[in-house]
Amino acid sequence: GEDVEQSLFLSVREGDSSVINCTYTDSSSTYLYWYKQEPGAGLQLLTYIFSNMDMKQDQRLTVLLNKKDKHLSLRIADTQTGDSAIYFCAESIRLTGGGNKLTFGTGTQLKVEL
Amino acid sequence: NAGVTQTPKFRILKIGQSMTLQCTQDMNHNYMYWYRQDPGMGLKLIYYSVGAGITDKGEVPNGYNVSRSTTEDFPLRLELAAPSQTSVYFCASGSQETQYFGPGTRLLVL
């Protein structure tokens, strides 16, 4: 079955790097995602990585994937107060007939302090 | 480009009432999804559609129905609202690789 786990809370100082970690269980996941949710808002797709890659960089964001350990991380460089939000890790499982079901973790609340 | 839009933003229902949550996307995506998010939790898949006229159940379909008569629209119907359906409902659309989410509908059943 699918299960995605994340730590609940992370606090960092502005300008530092943040690292949010996630573990997943389904080795057949095709893609893994990071979404950002600000209070009262929907989920914003930040970045995603194909399961046969081990790293992806996109401006301040770096995603690392360790497929052997089923571990995914999101590093945010030079963290800003605007990065304060809940970050969800999700794995993608192919559905019968097409499309993908996303299984989400419970989210990591990132708090950026001055 | 509007992306994925949802209406209403917020609704209070009495137990046993029915309502339809609307979802529209303008990205010409074949795949559309309905998820619910309970407090402090991730999202759970209710129903999904791989194209007009085709729908299928997700993880938590009981108490809900959907239809997909056009590519753009994917409404979610609650027939007999129950307190357990109090949640935030997110619609998403996407390709094989990605899913883009709407802003959500907050539903309170009393």
# chains A, B, ... in the order shown; residues from 1 in each chain; ligands from 1
$ residues_around --residues "B:Cys23" --least-positions-apart "3" --cutoff "7 Å" --atoms "only C-alpha atoms" --output "list in words"
Thr5, Gln6, Thr7, Asp73, Phe74, Pro75 and Cys91 of chain B
$ closest_atom_pairs --of "chain B" --to "chain A" --cutoff "7 Å" --atoms "only C-alpha atoms" --output "JSON lines"
{"residue": "B:Tyr31", "atom": "CA", "partner": "A:Gly99", "partner_atom": "CA", "distance": 6.1}
{"residue": "B:Gly40", "atom": "CA", "partner": "A:Thr106", "partner_atom": "CA", "distance": 6.5}
{"residue": "B:Met41", "atom": "CA", "partner": "A:Thr106", "partner_atom": "CA", "distance": 4.6}
{"residue": "B:Gly42", "atom": "CA", "partner": "A:Thr106", "partner_atom": "CA", "distance": 4.4}
{"residue": "B:Leu43", "atom": "CA", "partner": "A:Phe104", "partner_atom": "CA", "distance": 5.9}
{"residue": "B:Val50", "atom": "CA", "partner": "A:Gly99", "partner_atom": "CA", "distance": 6.1}
{"residue": "B:Gln96", "atom": "CA", "partner": "A:Gly99", "partner_atom": "CA", "distance": 5.8}
{"residue": "B:Tyr100", "atom": "CA", "partner": "A:Leu45", "partner_atom": "CA", "distance": 6.7}
{"residue": "B:Phe101", "atom": "CA", "partner": "A:Leu43", "partner_atom": "CA", "distance": 5.8}
{"residue": "B:Gly102", "atom": "CA", "partner": "A:Gly42", "partner_atom": "CA", "distance": 5.9}
{"residue": "B:Pro103", "atom": "CA", "partner": "A:Gly42", "partner_atom": "CA", "distance": 4.2}
{"residue": "B:Gly104", "atom": "CA", "partner": "A:Gly42", "partner_atom": "CA", "distance": 5.8}
$ write_last_selection --atoms "N, CA, C and O atoms" --output "PDB file, in the first residue's frame"
ATOM      1  N   TYR B  31      -7.384  14.683 -17.700  1.00  0.00           N
ATOM      2  CA  TYR B  31      -7.528  14.113 -16.365  1.00  0.00           C
ATOM      3  C   TYR B  31      -8.019  15.161 -15.380  1.00  0.00           C
ATOM      4  O   TYR B  31      -7.461  16.254 -15.293  1.00  0.00           O
ATOM      5  N   GLY B  40      -5.336  18.908   9.328  1.00  0.00           N
ATOM      6  CA  GLY B  40      -4.063  18.298   9.686  1.00  0.00           C
ATOM      7  C   GLY B  40      -3.698  17.068   8.885  1.00  0.00           C
ATOM      8  O   GLY B  40      -2.785  16.333   9.265  1.00  0.00           O
ATOM      9  N   MET B  41      -4.392  16.860   7.781  1.00  0.00           N
ATOM     10  CA  MET B  41      -4.145  15.644   6.987  1.00  0.00           C
ATOM     11  C   MET B  41      -3.753  16.014   5.568  1.00  0.00           C
ATOM     12  O   MET B  41      -3.959  17.139   5.115  1.00  0.00           O
ATOM     13  N   GLY B  42      -3.258  15.019   4.866  1.00  0.00           N
ATOM     14  CA  GLY B  42      -3.049  15.190   3.426  1.00  0.00           C
ATOM     15  C   GLY B  42      -4.370  15.024   2.701  1.00  0.00           C
ATOM     16  O   GLY B  42      -5.435  14.956   3.307  1.00  0.00           O
ATOM     17  N   LEU B  43      -4.317  14.955   1.399  1.00  0.00           N
ATOM     18  CA  LEU B  43      -5.533  14.868   0.587  1.00  0.00           C
ATOM     19  C   LEU B  43      -5.866  13.410   0.263  1.00  0.00           C
ATOM     20  O   LEU B  43      -4.967  12.594   0.071  1.00  0.00           O
ATOM     21  N   VAL B  50     -10.810  10.384 -16.599  1.00  0.00           N
ATOM     22  CA  VAL B  50      -9.723  10.400 -17.585  1.00  0.00           C
ATOM     23  C   VAL B  50     -10.163  11.028 -18.903  1.00  0.00           C
ATOM     24  O   VAL B  50      -9.383  11.085 -19.859  1.00  0.00           O
ATOM     25  N   GLN B  96      -0.487  13.466 -17.694  1.00  0.00           N
ATOM     26  CA  GLN B  96       0.007  12.234 -17.085  1.00  0.00           C
ATOM     27  C   GLN B  96       1.026  12.543 -15.997  1.00  0.00           C
ATOM     28  O   GLN B  96       1.171  11.801 -15.032  1.00  0.00           O
ATOM     29  N   TYR B 100      -2.715  20.149 -11.263  1.00  0.00           N
ATOM     30  CA  TYR B 100      -2.840  21.524 -10.817  1.00  0.00           C
ATOM     31  C   TYR B 100      -4.157  21.662 -10.065  1.00  0.00           C
ATOM     32  O   TYR B 100      -5.191  21.215 -10.546  1.00  0.00           O
ATOM     33  N   PHE B 101      -4.069  22.308  -8.901  1.00  0.00           N
ATOM     34  CA  PHE B 101      -5.211  22.345  -8.003  1.00  0.00           C
ATOM     35  C   PHE B 101      -5.946  23.670  -8.055  1.00  0.00           C
ATOM     36  O   PHE B 101      -5.351  24.726  -8.256  1.00  0.00           O
ATOM     37  N   GLY B 102      -7.262  23.591  -7.832  1.00  0.00           N
ATOM     38  CA  GLY B 102      -8.070  24.777  -7.637  1.00  0.00           C
ATOM     39  C   GLY B 102      -7.913  25.307  -6.219  1.00  0.00           C
ATOM     40  O   GLY B 102      -7.234  24.703  -5.394  1.00  0.00           O
ATOM     41  N   PRO B 103      -8.575  26.445  -5.920  1.00  0.00           N
ATOM     42  CA  PRO B 103      -8.417  27.091  -4.611  1.00  0.00           C
ATOM     43  C   PRO B 103      -9.177  26.401  -3.491  1.00  0.00           C
ATOM     44  O   PRO B 103      -8.968  26.716  -2.330  1.00  0.00           O
ATOM     45  N   GLY B 104     -10.078  25.480  -3.809  1.00  0.00           N
ATOM     46  CA  GLY B 104     -10.782  24.729  -2.779  1.00  0.00           C
ATOM     47  C   GLY B 104     -12.162  25.272  -2.447  1.00  0.00           C
ATOM     48  O   GLY B 104     -12.449  26.461  -2.637  1.00  0.00           O
TER      49      GLY B 104
END
$ atom_distance --atom1 "atom CA of A:Thr79" --atom2 "atom CA of A:Asp58"
14.3 Å
$ residues_around --residues "stretch 75-77 of chain A" --least-positions-apart "6" --cutoff "9 Å" --atoms "only C-alpha atoms" --output "PDB file with all heavy atoms, in the first residue's frame"
ATOM      1  N   GLY A  15      17.242  33.476   5.444  1.00  0.00           N
ATOM      2  CA  GLY A  15      18.563  33.438   4.832  1.00  0.00           C
ATOM      3  C   GLY A  15      19.230  32.074   4.928  1.00  0.00           C
ATOM      4  O   GLY A  15      20.147  31.776   4.148  1.00  0.00           O
ATOM      5  N   ASP A  16      18.788  31.255   5.892  1.00  0.00           N
ATOM      6  CA  ASP A  16      19.333  29.896   6.017  1.00  0.00           C
ATOM      7  C   ASP A  16      18.708  28.988   4.965  1.00  0.00           C
ATOM      8  O   ASP A  16      17.724  29.365   4.302  1.00  0.00           O
ATOM      9  CB  ASP A  16      19.050  29.329   7.405  1.00  0.00           C
ATOM     10  CG  ASP A  16      19.913  29.971   8.474  1.00  0.00           C
ATOM     11  OD1 ASP A  16      20.845  30.734   8.111  1.00  0.00           O
ATOM     12  OD2 ASP A  16      19.661  29.727   9.668  1.00  0.00           O
ATOM     13  N   SER A  17      19.252  27.779   4.824  1.00  0.00           N
ATOM     14  CA  SER A  17      18.627  26.769   3.970  1.00  0.00           C
ATOM     15  C   SER A  17      17.644  25.941   4.791  1.00  0.00           C
ATOM     16  O   SER A  17      17.875  25.690   5.978  1.00  0.00           O
ATOM     17  CB  SER A  17      19.699  25.836   3.390  1.00  0.00           C
ATOM     18  OG  SER A  17      20.510  26.528   2.487  1.00  0.00           O
ATOM     19  N   SER A  18      16.565  25.536   4.156  1.00  0.00           N
ATOM     20  CA  SER A  18      15.585  24.639   4.777  1.00  0.00           C
ATOM     21  C   SER A  18      15.675  23.304   4.063  1.00  0.00           C
ATOM     22  O   SER A  18      15.800  23.263   2.842  1.00  0.00           O
ATOM     23  CB  SER A  18      14.163  25.177   4.585  1.00  0.00           C
ATOM     24  OG  SER A  18      14.061  26.512   4.982  1.00  0.00           O
ATOM     25  N   VAL A  19      15.571  22.230   4.823  1.00  0.00           N
ATOM     26  CA  VAL A  19      15.502  20.899   4.224  1.00  0.00           C
ATOM     27  C   VAL A  19      14.292  20.177   4.795  1.00  0.00           C
ATOM     28  O   VAL A  19      14.200  19.961   6.007  1.00  0.00           O
ATOM     29  CB  VAL A  19      16.774  20.070   4.485  1.00  0.00           C
ATOM     30  CG1 VAL A  19      16.632  18.688   3.848  1.00  0.00           C
ATOM     31  CG2 VAL A  19      18.002  20.786   3.925  1.00  0.00           C
ATOM     32  N   ILE A  20      13.378  19.840   3.912  1.00  0.00           N
ATOM     33  CA  ILE A  20      12.162  19.133   4.320  1.00  0.00           C
ATOM     34  C   ILE A  20      12.269  17.713   3.786  1.00  0.00           C
ATOM     35  O   ILE A  20      12.555  17.515   2.595  1.00  0.00           O
ATOM     36  CB  ILE A  20      10.907  19.823   3.760  1.00  0.00           C
ATOM     37  CG1 ILE A  20      10.868  21.281   4.235  1.00  0.00           C
ATOM     38  CG2 ILE A  20       9.644  19.078   4.194  1.00  0.00           C
ATOM     39  CD1 ILE A  20       9.784  22.109   3.581  1.00  0.00           C
ATOM     40  N   ASN A  21      12.035  16.741   4.662  1.00  0.00           N
ATOM     41  CA  ASN A  21      12.220  15.345   4.305  1.00  0.00           C
ATOM     42  C   ASN A  21      10.906  14.593   4.210  1.00  0.00           C
ATOM     43  O   ASN A  21       9.918  14.947   4.863  1.00  0.00           O
ATOM     44  CB  ASN A  21      13.114  14.656   5.340  1.00  0.00           C
ATOM     45  CG  ASN A  21      14.518  15.198   5.326  1.00  0.00           C
ATOM     46  OD1 ASN A  21      15.209  15.130   4.314  1.00  0.00           O
ATOM     47  ND2 ASN A  21      14.963  15.766   6.440  1.00  0.00           N
ATOM     48  N   GLN A  59      16.048  26.833  -9.602  1.00  0.00           N
ATOM     49  CA  GLN A  59      16.314  28.092  -8.911  1.00  0.00           C
ATOM     50  C   GLN A  59      16.697  27.806  -7.457  1.00  0.00           C
ATOM     51  O   GLN A  59      17.712  27.153  -7.220  1.00  0.00           O
ATOM     52  CB  GLN A  59      15.124  29.036  -9.044  1.00  0.00           C
ATOM     53  CG  GLN A  59      14.839  29.398 -10.504  1.00  0.00           C
ATOM     54  CD  GLN A  59      13.684  30.357 -10.659  1.00  0.00           C
ATOM     55  OE1 GLN A  59      12.717  30.362  -9.897  1.00  0.00           O
ATOM     56  NE2 GLN A  59      13.770  31.205 -11.667  1.00  0.00           N
ATOM     57  N   ARG A  60      15.917  28.250  -6.481  1.00  0.00           N
ATOM     58  CA  ARG A  60      16.296  28.036  -5.072  1.00  0.00           C
ATOM     59  C   ARG A  60      15.950  26.639  -4.551  1.00  0.00           C
ATOM     60  O   ARG A  60      16.270  26.293  -3.420  1.00  0.00           O
ATOM     61  CB  ARG A  60      15.607  29.076  -4.188  1.00  0.00           C
ATOM     62  CG  ARG A  60      16.137  30.500  -4.359  1.00  0.00           C
ATOM     63  CD  ARG A  60      15.623  31.426  -3.260  1.00  0.00           C
ATOM     64  NE  ARG A  60      14.174  31.543  -3.263  1.00  0.00           N
ATOM     65  CZ  ARG A  60      13.394  31.292  -2.205  1.00  0.00           C
ATOM     66  NH1 ARG A  60      13.934  30.875  -1.067  1.00  0.00           N
ATOM     67  NH2 ARG A  60      12.085  31.463  -2.282  1.00  0.00           N
ATOM     68  N   LEU A  61      15.267  25.860  -5.382  1.00  0.00           N
ATOM     69  CA  LEU A  61      14.785  24.556  -4.936  1.00  0.00           C
ATOM     70  C   LEU A  61      15.679  23.429  -5.464  1.00  0.00           C
ATOM     71  O   LEU A  61      16.012  23.419  -6.654  1.00  0.00           O
ATOM     72  CB  LEU A  61      13.360  24.316  -5.427  1.00  0.00           C
ATOM     73  CG  LEU A  61      12.314  25.369  -5.065  1.00  0.00           C
ATOM     74  CD1 LEU A  61      10.973  25.001  -5.678  1.00  0.00           C
ATOM     75  CD2 LEU A  61      12.190  25.529  -3.573  1.00  0.00           C
ATOM     76  N   THR A  62      16.024  22.495  -4.578  1.00  0.00           N
ATOM     77  CA  THR A  62      16.749  21.294  -4.980  1.00  0.00           C
ATOM     78  C   THR A  62      16.002  20.087  -4.426  1.00  0.00           C
ATOM     79  O   THR A  62      15.717  20.029  -3.222  1.00  0.00           O
ATOM     80  CB  THR A  62      18.195  21.285  -4.442  1.00  0.00           C
ATOM     81  OG1 THR A  62      18.873  22.449  -4.899  1.00  0.00           O
ATOM     82  CG2 THR A  62      18.940  20.041  -4.926  1.00  0.00           C
ATOM     83  N   VAL A  63      15.672  19.153  -5.303  1.00  0.00           N
ATOM     84  CA  VAL A  63      15.016  17.918  -4.887  1.00  0.00           C
ATOM     85  C   VAL A  63      16.029  16.782  -5.001  1.00  0.00           C
ATOM     86  O   VAL A  63      16.698  16.644  -6.012  1.00  0.00           O
ATOM     87  CB  VAL A  63      13.798  17.613  -5.780  1.00  0.00           C
ATOM     88  CG1 VAL A  63      13.159  16.304  -5.372  1.00  0.00           C
ATOM     89  CG2 VAL A  63      12.791  18.754  -5.711  1.00  0.00           C
ATOM     90  N   LEU A  64      16.129  16.006  -3.930  1.00  0.00           N
ATOM     91  CA  LEU A  64      16.983  14.822  -3.935  1.00  0.00           C
ATOM     92  C   LEU A  64      16.117  13.590  -3.726  1.00  0.00           C
ATOM     93  O   LEU A  64      15.245  13.580  -2.849  1.00  0.00           O
ATOM     94  CB  LEU A  64      18.026  14.903  -2.816  1.00  0.00           C
ATOM     95  CG  LEU A  64      19.072  16.005  -2.932  1.00  0.00           C
ATOM     96  CD1 LEU A  64      19.999  15.986  -1.720  1.00  0.00           C
ATOM     97  CD2 LEU A  64      19.882  15.854  -4.211  1.00  0.00           C
ATOM     98  N   ASP A  83       8.378  32.086   2.212  1.00  0.00           N
ATOM     99  CA  ASP A  83       8.402  30.627   2.081  1.00  0.00           C
ATOM    100  C   ASP A  83       7.639  29.947   3.216  1.00  0.00           C
ATOM    101  O   ASP A  83       7.424  28.726   3.164  1.00  0.00           O
ATOM    102  CB  ASP A  83       9.846  30.113   2.072  1.00  0.00           C
ATOM    103  CG  ASP A  83      10.638  30.584   0.859  1.00  0.00           C
ATOM    104  OD1 ASP A  83      10.043  30.670  -0.237  1.00  0.00           O
ATOM    105  OD2 ASP A  83      11.844  30.882   1.003  1.00  0.00           O
TER     106      ASP A  83
END
$ atom_distance --atom1 "atom CA of B:Arg106" --atom2 "atom CA of A:Thr23"
29.0 Å
$ closest_residue --among "B:Ser93, B:Gln17, B:Gln22, B:Ser84" --to "B:Tyr48" --atoms "only C-alpha atoms"
B:Ser93
$ atom_distance --atom1 "atom CA of B:Ile54" --atom2 "atom CA of B:Gln25"
16.4 Å
$ closest_residue --among "A:Leu114, A:Leu46, A:Leu10, A:Ile93" --to "A:Gln80" --atoms "only C-alpha atoms"
A:Leu114
$ select_by_dssp --residues "stretch 65-110 of chain A" --states "strand (DSSP E or B)" --output "number ranges by chain"
A: 65-66, 71-76, 85-94, 100-104, 108-110
$ write_last_selection --atoms "N, CA, C and O atoms" --output "compact mmCIF listing (two decimals), in the first residue's frame"
# COMPACT_ATOMS: atom_id res chain seq x y z
N LEU A 65 16.35 12.57 -4.53
CA LEU A 65 15.58 11.33 -4.43
C LEU A 65 16.54 10.17 -4.22
O LEU A 65 17.44 9.94 -5.04
N ASN A 66 16.33 9.44 -3.14
CA ASN A 66 17.06 8.20 -2.88
C ASN A 66 16.06 7.07 -3.04
O ASN A 66 15.27 6.78 -2.12
N HIS A 71 13.37 7.82 -0.07
CA HIS A 71 13.49 9.07 0.66
C HIS A 71 13.59 10.22 -0.33
O HIS A 71 14.38 10.19 -1.28
N LEU A 72 12.78 11.23 -0.08
CA LEU A 72 12.72 12.42 -0.92
C LEU A 72 12.97 13.63 -0.04
O LEU A 72 12.47 13.68 1.09
N SER A 73 13.76 14.58 -0.53
CA SER A 73 13.94 15.82 0.25
C SER A 73 13.80 17.03 -0.65
O SER A 73 14.03 16.96 -1.87
N LEU A 74 13.41 18.12 -0.02
CA LEU A 74 13.31 19.42 -0.70
C LEU A 74 14.19 20.40 0.06
O LEU A 74 13.99 20.61 1.26
N ARG A 75 15.17 20.97 -0.64
CA ARG A 75 16.02 21.99 -0.03
C ARG A 75 15.64 23.33 -0.62
O ARG A 75 15.58 23.49 -1.85
N ILE A 76 15.39 24.30 0.26
CA ILE A 76 15.10 25.67 -0.17
C ILE A 76 16.29 26.51 0.26
O ILE A 76 16.57 26.65 1.47
N ALA A 85 4.91 28.28 4.99
CA ALA A 85 3.74 27.61 4.44
C ALA A 85 3.80 26.14 4.89
O ALA A 85 4.71 25.75 5.62
N ILE A 86 2.82 25.37 4.44
CA ILE A 86 2.87 23.93 4.64
C ILE A 86 3.33 23.30 3.32
O ILE A 86 2.82 23.65 2.25
N TYR A 87 4.27 22.38 3.42
CA TYR A 87 4.82 21.72 2.25
C TYR A 87 4.41 20.25 2.26
O TYR A 87 4.65 19.53 3.23
N PHE A 88 3.79 19.84 1.17
CA PHE A 88 3.33 18.46 1.04
C PHE A 88 4.18 17.71 0.03
O PHE A 88 4.41 18.17 -1.08
N CYS A 89 4.59 16.54 0.45
CA CYS A 89 5.23 15.58 -0.42
C CYS A 89 4.12 14.66 -0.95
O CYS A 89 3.16 14.36 -0.22
N ALA A 90 4.22 14.22 -2.19
CA ALA A 90 3.22 13.31 -2.74
C ALA A 90 3.88 12.34 -3.71
O ALA A 90 4.81 12.71 -4.43
N GLU A 91 3.38 11.11 -3.68
CA GLU A 91 3.84 10.14 -4.67
C GLU A 91 2.69 9.85 -5.63
O GLU A 91 1.51 9.96 -5.27
N SER A 92 3.04 9.46 -6.83
CA SER A 92 2.07 9.28 -7.89
C SER A 92 1.98 7.80 -8.24
O SER A 92 3.00 7.16 -8.48
N ILE A 93 0.76 7.29 -8.22
CA ILE A 93 0.52 5.89 -8.57
C ILE A 93 -0.39 5.86 -9.78
O ILE A 93 -1.43 6.54 -9.81
N ARG A 94 -0.03 5.10 -10.78
CA ARG A 94 -0.83 5.01 -12.00
C ARG A 94 -2.17 4.36 -11.68
O ARG A 94 -2.25 3.36 -10.96
N ASN A 100 -3.28 9.54 -12.72
CA ASN A 100 -2.45 9.19 -11.57
C ASN A 100 -3.12 9.62 -10.29
O ASN A 100 -3.63 10.73 -10.19
N LYS A 101 -3.08 8.74 -9.29
CA LYS A 101 -3.55 9.13 -7.96
C LYS A 101 -2.34 9.66 -7.19
O LYS A 101 -1.29 9.03 -7.18
N LEU A 102 -2.51 10.81 -6.57
CA LEU A 102 -1.46 11.33 -5.70
C LEU A 102 -1.77 10.93 -4.26
O LEU A 102 -2.87 11.17 -3.76
N THR A 103 -0.79 10.35 -3.60
CA THR A 103 -0.90 10.06 -2.17
C THR A 103 -0.02 11.07 -1.45
O THR A 103 1.18 11.14 -1.71
N PHE A 104 -0.66 11.83 -0.55
CA PHE A 104 0.02 12.94 0.11
C PHE A 104 0.47 12.56 1.51
O PHE A 104 -0.19 11.79 2.21
N THR A 108 4.46 19.39 6.10
CA THR A 108 5.45 19.95 7.03
C THR A 108 5.23 21.45 7.09
O THR A 108 5.30 22.14 6.07
N GLN A 109 4.94 21.96 8.29
CA GLN A 109 4.76 23.40 8.48
C GLN A 109 6.14 24.04 8.58
O GLN A 109 6.90 23.74 9.52
N LEU A 110 6.49 24.88 7.63
CA LEU A 110 7.76 25.61 7.65
C LEU A 110 7.52 27.02 8.18
O LEU A 110 6.70 27.77 7.65
$ closest_residue --among "A:Gln6, A:Ser11, A:Gln57, A:Gln37" --to "A:Tyr24" --atoms "only C-alpha atoms"
A:Gln6
$ residues_around --residues "B:Ala81" --least-positions-apart "3" --cutoff "6 Å" --atoms "only C-alpha atoms" --output "ChimeraX atom specification"
/B:15-18
$ closest_residue --among "B:Asn30, B:Val109, B:Met19, B:Gly58" --to "B:Arg77" --atoms "only C-alpha atoms"
B:Met19
$ closest_residue --among "B:Gly3, B:Gly53, B:Pro39, B:Gly63" --to "B:Glu79" --atoms "only C-alpha atoms"
B:Gly63
$ residues_around --residues "B:Glu72" --least-positions-apart "4" --cutoff "8 Å" --atoms "only C-alpha atoms" --output "JSON, numbers by chain"
{"B": [24, 25, 26, 28, 29]}
$ closest_residue --among "B:Thr55, B:Thr86, B:Ser69, B:Asn62" --to "B:Lys14" --atoms "only C-alpha atoms"
B:Thr86
